[in-house]
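K.L.:
Contents of work_7.txt (compact mmCIF, C-alpha atoms):
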# COMPACT_ATOMS: atom_id res chain seq x y z
CA MET M 190 87.21 88.58 121.34
CA LYS M 191 83.57 87.89 122.06
CA ASN M 192 81.37 90.76 123.14
CA ARG M 193 77.80 91.74 123.92
CA LEU M 194 77.74 94.82 121.73
CA GLU M 195 75.06 93.60 119.32
CA GLU M 196 72.84 92.49 122.21
CA LEU M 197 73.22 95.83 124.02
CA ARG M 198 72.71 97.84 120.84
CA LYS M 199 69.54 95.97 119.94
CA ALA M 200 68.27 96.29 123.51
CA SER M 201 68.75 100.05 123.20
CA GLY M 202 66.80 100.01 119.94
CA LEU M 203 69.70 101.40 117.94
CA GLN M 204 70.80 100.73 114.39
CA GLN M 205 74.49 100.17 113.69
CA GLU M 206 74.58 103.56 111.91
CA GLN M 207 73.15 105.35 114.94
CA LEU M 208 75.63 103.77 117.35
CA ALA M 209 78.48 104.49 114.93
CA GLU M 210 77.45 108.13 114.71
CA ALA M 211 77.23 108.46 118.48
CA LEU M 212 80.70 106.94 118.91
CA ARG M 213 82.08 108.81 115.88
CA VAL M 214 83.29 105.66 114.13
CA SER M 215 82.25 104.03 110.87
CA ARG M 216 79.32 101.60 110.66
CA GLN M 217 81.76 98.94 109.41
CA THR M 218 83.74 99.27 112.65
CA ILE M 219 80.62 98.57 114.72
CA SER M 220 79.79 95.63 112.47
CA SER M 221 83.33 94.21 112.73
CA ILE M 222 83.36 94.55 116.52
CA GLU M 223 79.98 92.83 116.78
CA ASN M 224 81.21 89.96 114.60
CA GLY M 225 84.40 89.63 116.66
CA ARG M 226 86.58 90.35 113.63
CA TYR M 227 88.01 93.53 115.12
CA ASN M 228 89.04 94.28 118.69
CA PRO M 229 88.58 97.97 119.50
CA SER M 230 91.27 100.14 121.04
CA ILE M 231 91.05 100.67 124.80
CA ILE M 232 89.74 104.21 124.14
CA LEU M 233 86.92 102.99 121.91
CA ALA M 234 86.16 100.19 124.38
CA PHE M 235 85.78 102.83 127.12
CA LYS M 236 83.57 104.96 124.85
CA ILE M 237 81.34 101.95 124.16
CA ALA M 238 81.20 101.02 127.83
CA ARG M 239 80.33 104.58 128.89
CA PHE M 240 77.73 104.87 126.14
CA PHE M 241 75.86 101.83 127.51
CA GLY M 242 76.59 102.69 131.17
CA LYS M 243 78.51 99.45 131.73
CA THR M 244 82.06 98.41 132.47
CA ILE M 245 84.35 97.13 129.74
CA GLU M 246 84.29 93.64 131.29
CA GLU M 247 80.50 93.59 131.07
CA ILE M 248 80.69 94.13 127.31
CA PHE M 249 83.89 92.43 126.20
CA ILE M 250 84.40 88.83 127.22
CA TYR M 251 88.03 87.84 127.47
CA SER M 252 89.00 84.17 127.27
CA GLU M 253 92.43 82.50 127.16
CA ASP M 254 91.76 81.49 123.54
CA ASP M 255 91.87 85.17 122.53
CA ASP M 256 95.66 85.16 123.04
CA ALA M 257 96.17 82.92 120.01
CA MET J 61 88.93 125.17 106.46
CA LYS J 62 89.89 128.78 105.63
CA LYS J 63 93.57 128.06 106.36
CA LYS J 64 93.46 125.04 104.05
CA LYS J 65 91.82 127.16 101.34
CA ILE J 66 94.55 129.83 101.61
CA TRP J 67 97.22 127.10 101.56
CA PHE J 68 95.83 125.53 98.37
CA ILE J 69 95.50 128.96 96.70
CA LEU J 70 99.16 129.65 97.53
CA VAL J 71 100.22 126.23 96.18
CA MET J 72 98.16 126.89 93.05
CA ALA J 73 99.87 130.27 92.56
CA LEU J 74 103.25 128.60 93.12
CA GLY J 75 102.35 125.95 90.53
CA ILE J 76 101.38 128.61 87.98
CA GLY J 77 104.59 130.53 88.77
CA ILE J 78 106.82 127.45 88.32
CA ALA J 79 105.06 126.44 85.09
CA LEU J 80 105.30 129.97 83.65
CA ALA J 81 108.97 130.20 84.66
CA GLY J 82 109.59 126.88 82.93
CA GLU J 83 107.83 128.07 79.78
CA PHE J 84 109.05 131.66 79.45
CA PHE J 85 112.14 132.23 81.58
CA ILE J 86 114.13 129.00 81.45
CA LYS J 87 115.38 129.05 77.90
CA GLY J 88 118.14 127.34 75.97
CA GLU J 89 118.83 123.86 74.66
CA GLU J 90 120.88 122.81 77.72
CA LEU J 91 118.05 123.82 80.09
CA LYS J 92 115.31 122.08 78.09
CA THR J 93 114.99 119.29 80.65
CA VAL J 94 114.79 121.75 83.56
CA SER J 95 112.17 123.76 81.68
CA GLY J 96 110.09 120.62 81.03
CA LEU J 97 110.45 119.57 84.65
CA CYS J 98 109.27 122.99 85.86
CA ILE J 99 106.22 122.88 83.56
CA GLY J 100 105.43 119.35 84.79
CA ILE J 101 105.80 120.19 88.49
CA GLY J 102 103.88 123.46 88.04
CA ALA J 103 101.00 121.73 86.25
CA CYS J 104 100.95 119.02 88.91
CA LEU J 105 100.77 121.55 91.78
CA PHE J 106 98.10 123.52 89.92
CA GLY J 107 95.98 120.42 89.26
CA LEU J 108 96.36 119.17 92.82
CA SER J 109 95.35 122.53 94.30
CA ILE J 110 92.36 122.97 91.98
CA ALA J 111 91.14 119.46 92.87
CA ASN J 112 91.51 120.18 96.59
CA LEU J 113 89.79 123.56 96.29
CA PHE J 114 86.84 121.87 94.56
CA ARG J 115 86.81 119.23 97.30
CA LEU J 116 86.75 121.93 100.03
CA ARG J 117 83.93 123.75 98.20
CA PHE J 118 81.98 120.49 97.90
CA GLU J 119 82.49 119.75 101.61
CA GLN J 120 81.37 123.28 102.52
CA LYS J 121 78.16 122.83 100.54
CA ASN J 122 77.54 119.28 101.82
CA PRO J 123 78.43 119.27 105.54
CA ALA J 124 76.67 115.93 106.13
CA ILE J 125 78.85 114.17 103.54
CA ALA J 126 81.93 115.98 104.88
CA LYS J 127 81.15 114.73 108.39
CA ILE J 128 80.82 111.11 107.17
CA LYS J 129 84.09 111.47 105.27
CA GLU J 130 85.86 112.88 108.33
CA ILE J 131 84.58 109.99 110.49
CA GLU J 132 85.72 107.48 107.83
CA GLU J 133 89.18 109.09 107.75
CA LYS J 134 89.62 109.17 111.52
CA ASP J 135 88.00 105.79 112.16
CA GLU J 136 90.49 103.67 114.12
CA ARG J 137 89.73 100.47 112.18
CA ASN J 138 90.24 102.28 108.87
CA ILE J 139 93.53 103.71 110.16
CA ALA J 140 94.64 100.22 111.28
CA ILE J 141 93.68 98.79 107.86
CA ARG J 142 95.54 101.57 106.04
CA ASN J 143 98.66 101.05 108.18
CA CYS J 144 98.59 97.26 107.63
CA ALA J 145 98.17 97.78 103.88
CA LYS J 146 101.06 100.27 103.77
CA ALA J 147 103.32 97.92 105.72
CA LYS J 148 102.46 94.97 103.46
CA ALA J 149 102.95 97.08 100.32
CA ALA J 150 106.33 98.29 101.62
CA ASP J 151 107.41 94.69 102.33
CA ILE J 152 106.45 93.60 98.82
CA THR J 153 108.16 96.67 97.32
CA GLN J 154 111.32 95.68 99.16
CA TYR J 155 111.35 92.31 97.38
CA LEU J 156 110.56 94.00 94.06
CA ILE J 157 113.59 96.26 94.53
CA ILE J 158 115.80 93.20 95.15
CA LEU J 159 114.35 91.65 91.98
CA LEU J 160 114.98 94.88 90.07
CA THR J 161 118.61 94.90 91.26
CA PHE J 162 119.17 91.35 90.00
CA ILE J 163 117.46 92.12 86.68
CA ALA J 164 119.71 95.19 86.29
CA ILE J 165 122.80 93.03 86.98
CA LEU J 166 121.65 90.29 84.58
CA LEU J 167 120.93 92.82 81.83
CA GLN J 168 124.35 94.37 82.44
CA ALA J 169 122.73 97.73 83.03
CA PRO J 170 124.98 100.70 83.89
CA LEU J 171 126.50 100.35 87.35
CA TRP J 172 124.77 103.48 88.65
CA ILE J 173 121.35 101.84 88.14
CA VAL J 174 122.47 98.88 90.29
CA PHE J 175 123.81 101.27 92.93
CA VAL J 176 120.61 103.32 92.93
CA ALA J 177 118.55 100.12 93.43
CA ILE J 178 120.85 99.00 96.27
CA GLY J 179 120.65 102.51 97.74
CA VAL J 180 116.84 102.40 97.73
CA TYR J 181 116.91 98.95 99.35
CA LEU J 182 119.33 100.16 102.04
CA SER J 183 117.24 103.30 102.62
CA TYR J 184 114.19 101.11 103.24
CA ASN J 185 116.06 99.09 105.87
CA ILE J 186 117.68 102.12 107.50
CA LEU J 187 114.30 103.90 107.65
CA SER J 188 112.73 100.73 109.11
CA LEU J 189 115.36 100.60 111.87
CA TYR J 190 114.96 104.33 112.52
CA TYR J 191 111.18 104.06 112.91
CA ILE J 192 111.42 100.89 115.04
CA SER J 193 113.74 102.79 117.38
CA LYS J 194 111.55 105.93 117.32
CA PHE J 195 108.30 104.10 118.00
CA SER J 196 109.95 101.90 120.66
CA LYS J 197 110.78 105.06 122.59
CA GLU J 198 107.32 106.54 122.09
CA MET J 199 105.24 103.47 122.87
Show the structure stored in the file as structure tokens.
P.N.:
Amino acid sequence: MKNRLEELRKASGLQQEQLAEALRVSRQTISSIENGRYNPSIILAFKIARFFGKTIEEIFIYSEDDDA
Amino acid sequence: MKKKKIWFILVMALGIGIALAGEFFIKGEELKTVSGLCIGIGACLFGLSIANLFRLRFEQKNPAIAKIKEIEEKDERNIAIRNCAKAKAADITQYLIILLTFIAILLQAPLWIVFVAIGVYLSYNILSLYYISKFSKEM
């Protein structure tokens, strides 16, 4: 699933490590989400959305291709 | 942390107790295997507890490293990876057990070995069905 996490993180001036620490996940998890290799759980998606003050839909972009 | 420390100290004491019992109290030629088993289990429990006590001490002295370790352990992606790896390993083990059963039959091994291998294979499948049913109800 595509997302705007990297864009939002960079706009906030944060390193992956800093975001990971704030969300209490590993840096690799942030990296994997940014690369679209890993889709976060709904709880982590909410945590990310709340951290940036956005809705989940504003961060994670769902398309029909993601079903495959 | 304190509870864990007490737990490991108790396990360590139990390990020492079992090993000492194996060495000094379980005597006789017919109980040689039991004695050896007790020493082995005791030493294993002792080693495991000592290692964990050192780990707890290290974590107490290095809270920053302990925090990173805790995050790594609880990280949802790491948990998902671990679960996938366990499931894959269990699937492969299942095929290895089938292979082992056939090898035992081909080598004309004692029948109990074949039955044990079949028993392990059946246990895997029964446990799989049990957990599918359990998780289906929970999720």
K.L.:
Counting only C-alpha atoms, what is within 12 Å of Leu108 (chain J), bar same-chain residues fewer than 5 positions away, as a PyMOL selection string?
P.N.:
chain J and resi 67-76+101-103+113-115
K.L.:
Just the selected residues (C-alpha atoms), exported as a tab-separated table (two decimals), in the coordinates of the input, please.
P.N.:
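Final file, part20.tsv:
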chain	number	residue	atom	x	y	z
J	67	TRP	CA	97.22	127.10	101.56
J	68	PHE	CA	95.83	125.53	98.37
J	69	ILE	CA	95.50	128.96	96.70
J	70	LEU	CA	99.16	129.65	97.53
J	71	VAL	CA	100.22	126.23	96.18
J	72	MET	CA	98.16	126.89	93.05
J	73	ALA	CA	99.87	130.27	92.56
J	74	LEU	CA	103.25	128.60	93.12
J	75	GLY	CA	102.35	125.95	90.53
J	76	ILE	CA	101.38	128.61	87.98
J	101	ILE	CA	105.80	120.19	88.49
J	102	GLY	CA	103.88	123.46	88.04
J	103	ALA	CA	101.00	121.73	86.25
J	113	LEU	CA	89.79	123.56	96.29
J	114	PHE	CA	86.84	121.87	94.56
J	115	ARG	CA	86.81	119.23	97.30
K.L.:
For a quick test of understanding: name the residues of chain J lying within 6 Å of chain M when counting all atoms listed in the file, and present them as a list in words.
P.N.:
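Taken together, these residues fit the definition: Ile131, Glu132 and Asp135 of chain J.
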K.L.:
Work out how far apart CA of Ile237 (chain M) and CA of Glu195 (chain M) are and give it in Å to one decimal.
P.N.:
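One can read the CA of Ile237 (chain M) to CA of Glu195 (chain M) distance as 11.5 Å.
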K.L.:
So that I can check the surroundings of Arg198 (chain M), please list as a PDB file with C-alpha atoms, in the coordinates of the input every protein, DNA and RNA residue that reaches within 12 Å of it, counting all atoms listed in the file and ignoring chain neighbours fewer than 2 positions away.
P.N.:
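Ended up saving to around.pdb:
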ATOM      1  CA  ASN M 192      81.370  90.760 123.140  1.00  0.00           C
ATOM      2  CA  ARG M 193      77.800  91.740 123.920  1.00  0.00           C
ATOM      3  CA  LEU M 194      77.740  94.820 121.730  1.00  0.00           C
ATOM      4  CA  GLU M 195      75.060  93.600 119.320  1.00  0.00           C
ATOM      5  CA  GLU M 196      72.840  92.490 122.210  1.00  0.00           C
ATOM      6  CA  ALA M 200      68.270  96.290 123.510  1.00  0.00           C
ATOM      7  CA  SER M 201      68.750 100.050 123.200  1.00  0.00           C
ATOM      8  CA  GLY M 202      66.800 100.010 119.940  1.00  0.00           C
ATOM      9  CA  LEU M 203      69.700 101.400 117.940  1.00  0.00           C
ATOM     10  CA  GLN M 204      70.800 100.730 114.390  1.00  0.00           C
ATOM     11  CA  GLN M 205      74.490 100.170 113.690  1.00  0.00           C
ATOM     12  CA  GLU M 206      74.580 103.560 111.910  1.00  0.00           C
ATOM     13  CA  GLN M 207      73.150 105.350 114.940  1.00  0.00           C
ATOM     14  CA  LEU M 208      75.630 103.770 117.350  1.00  0.00           C
ATOM     15  CA  ALA M 209      78.480 104.490 114.930  1.00  0.00           C
ATOM     16  CA  ALA M 211      77.230 108.460 118.480  1.00  0.00           C
ATOM     17  CA  ILE M 219      80.620  98.570 114.720  1.00  0.00           C
ATOM     18  CA  SER M 220      79.790  95.630 112.470  1.00  0.00           C
ATOM     19  CA  ILE M 222      83.360  94.550 116.520  1.00  0.00           C
ATOM     20  CA  GLU M 223      79.980  92.830 116.780  1.00  0.00           C
ATOM     21  CA  ILE M 237      81.340 101.950 124.160  1.00  0.00           C
ATOM     22  CA  ALA M 238      81.200 101.020 127.830  1.00  0.00           C
ATOM     23  CA  PHE M 240      77.730 104.870 126.140  1.00  0.00           C
ATOM     24  CA  PHE M 241      75.860 101.830 127.510  1.00  0.00           C
ATOM     25  CA  ILE M 248      80.690  94.130 127.310  1.00  0.00           C
TER      26      ILE M 248
END
K.L.:
What is the distance between CA of Ala177 (chain J) and CA of Thr161 (chain J), in Å to one decimal?
P.N.:
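Interatomic distance, CA of Ala177 (chain J) to CA of Thr161 (chain J): 5.7 Å.
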K.L.:
Can you work out the spacing between CA of Val174 (chain J) and CA of Ile192 (chain J) in Å, to one decimal?
P.N.:
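These two atoms are separated by 27.2 Å.
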K.L.:
What's around Ala164 (chain J) at 12 Å? Count all atoms listed in the file, leave out sequence neighbours fewer than 4 positions away in its own chain, and write the answer as a PyMOL selection string.
P.N.:
chain J and resi 157-160+168-178
K.L.:
Identify which of the residues J:Tyr184, J:Gly179, J:Ala124, J:Lys65 lies closest to Ile152 (chain J), counting all atoms listed in the file when measuring atom-to-atom distances.
P.N.:
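Closest to Ile152 (chain J), using all atoms listed in the file: J:Tyr184.
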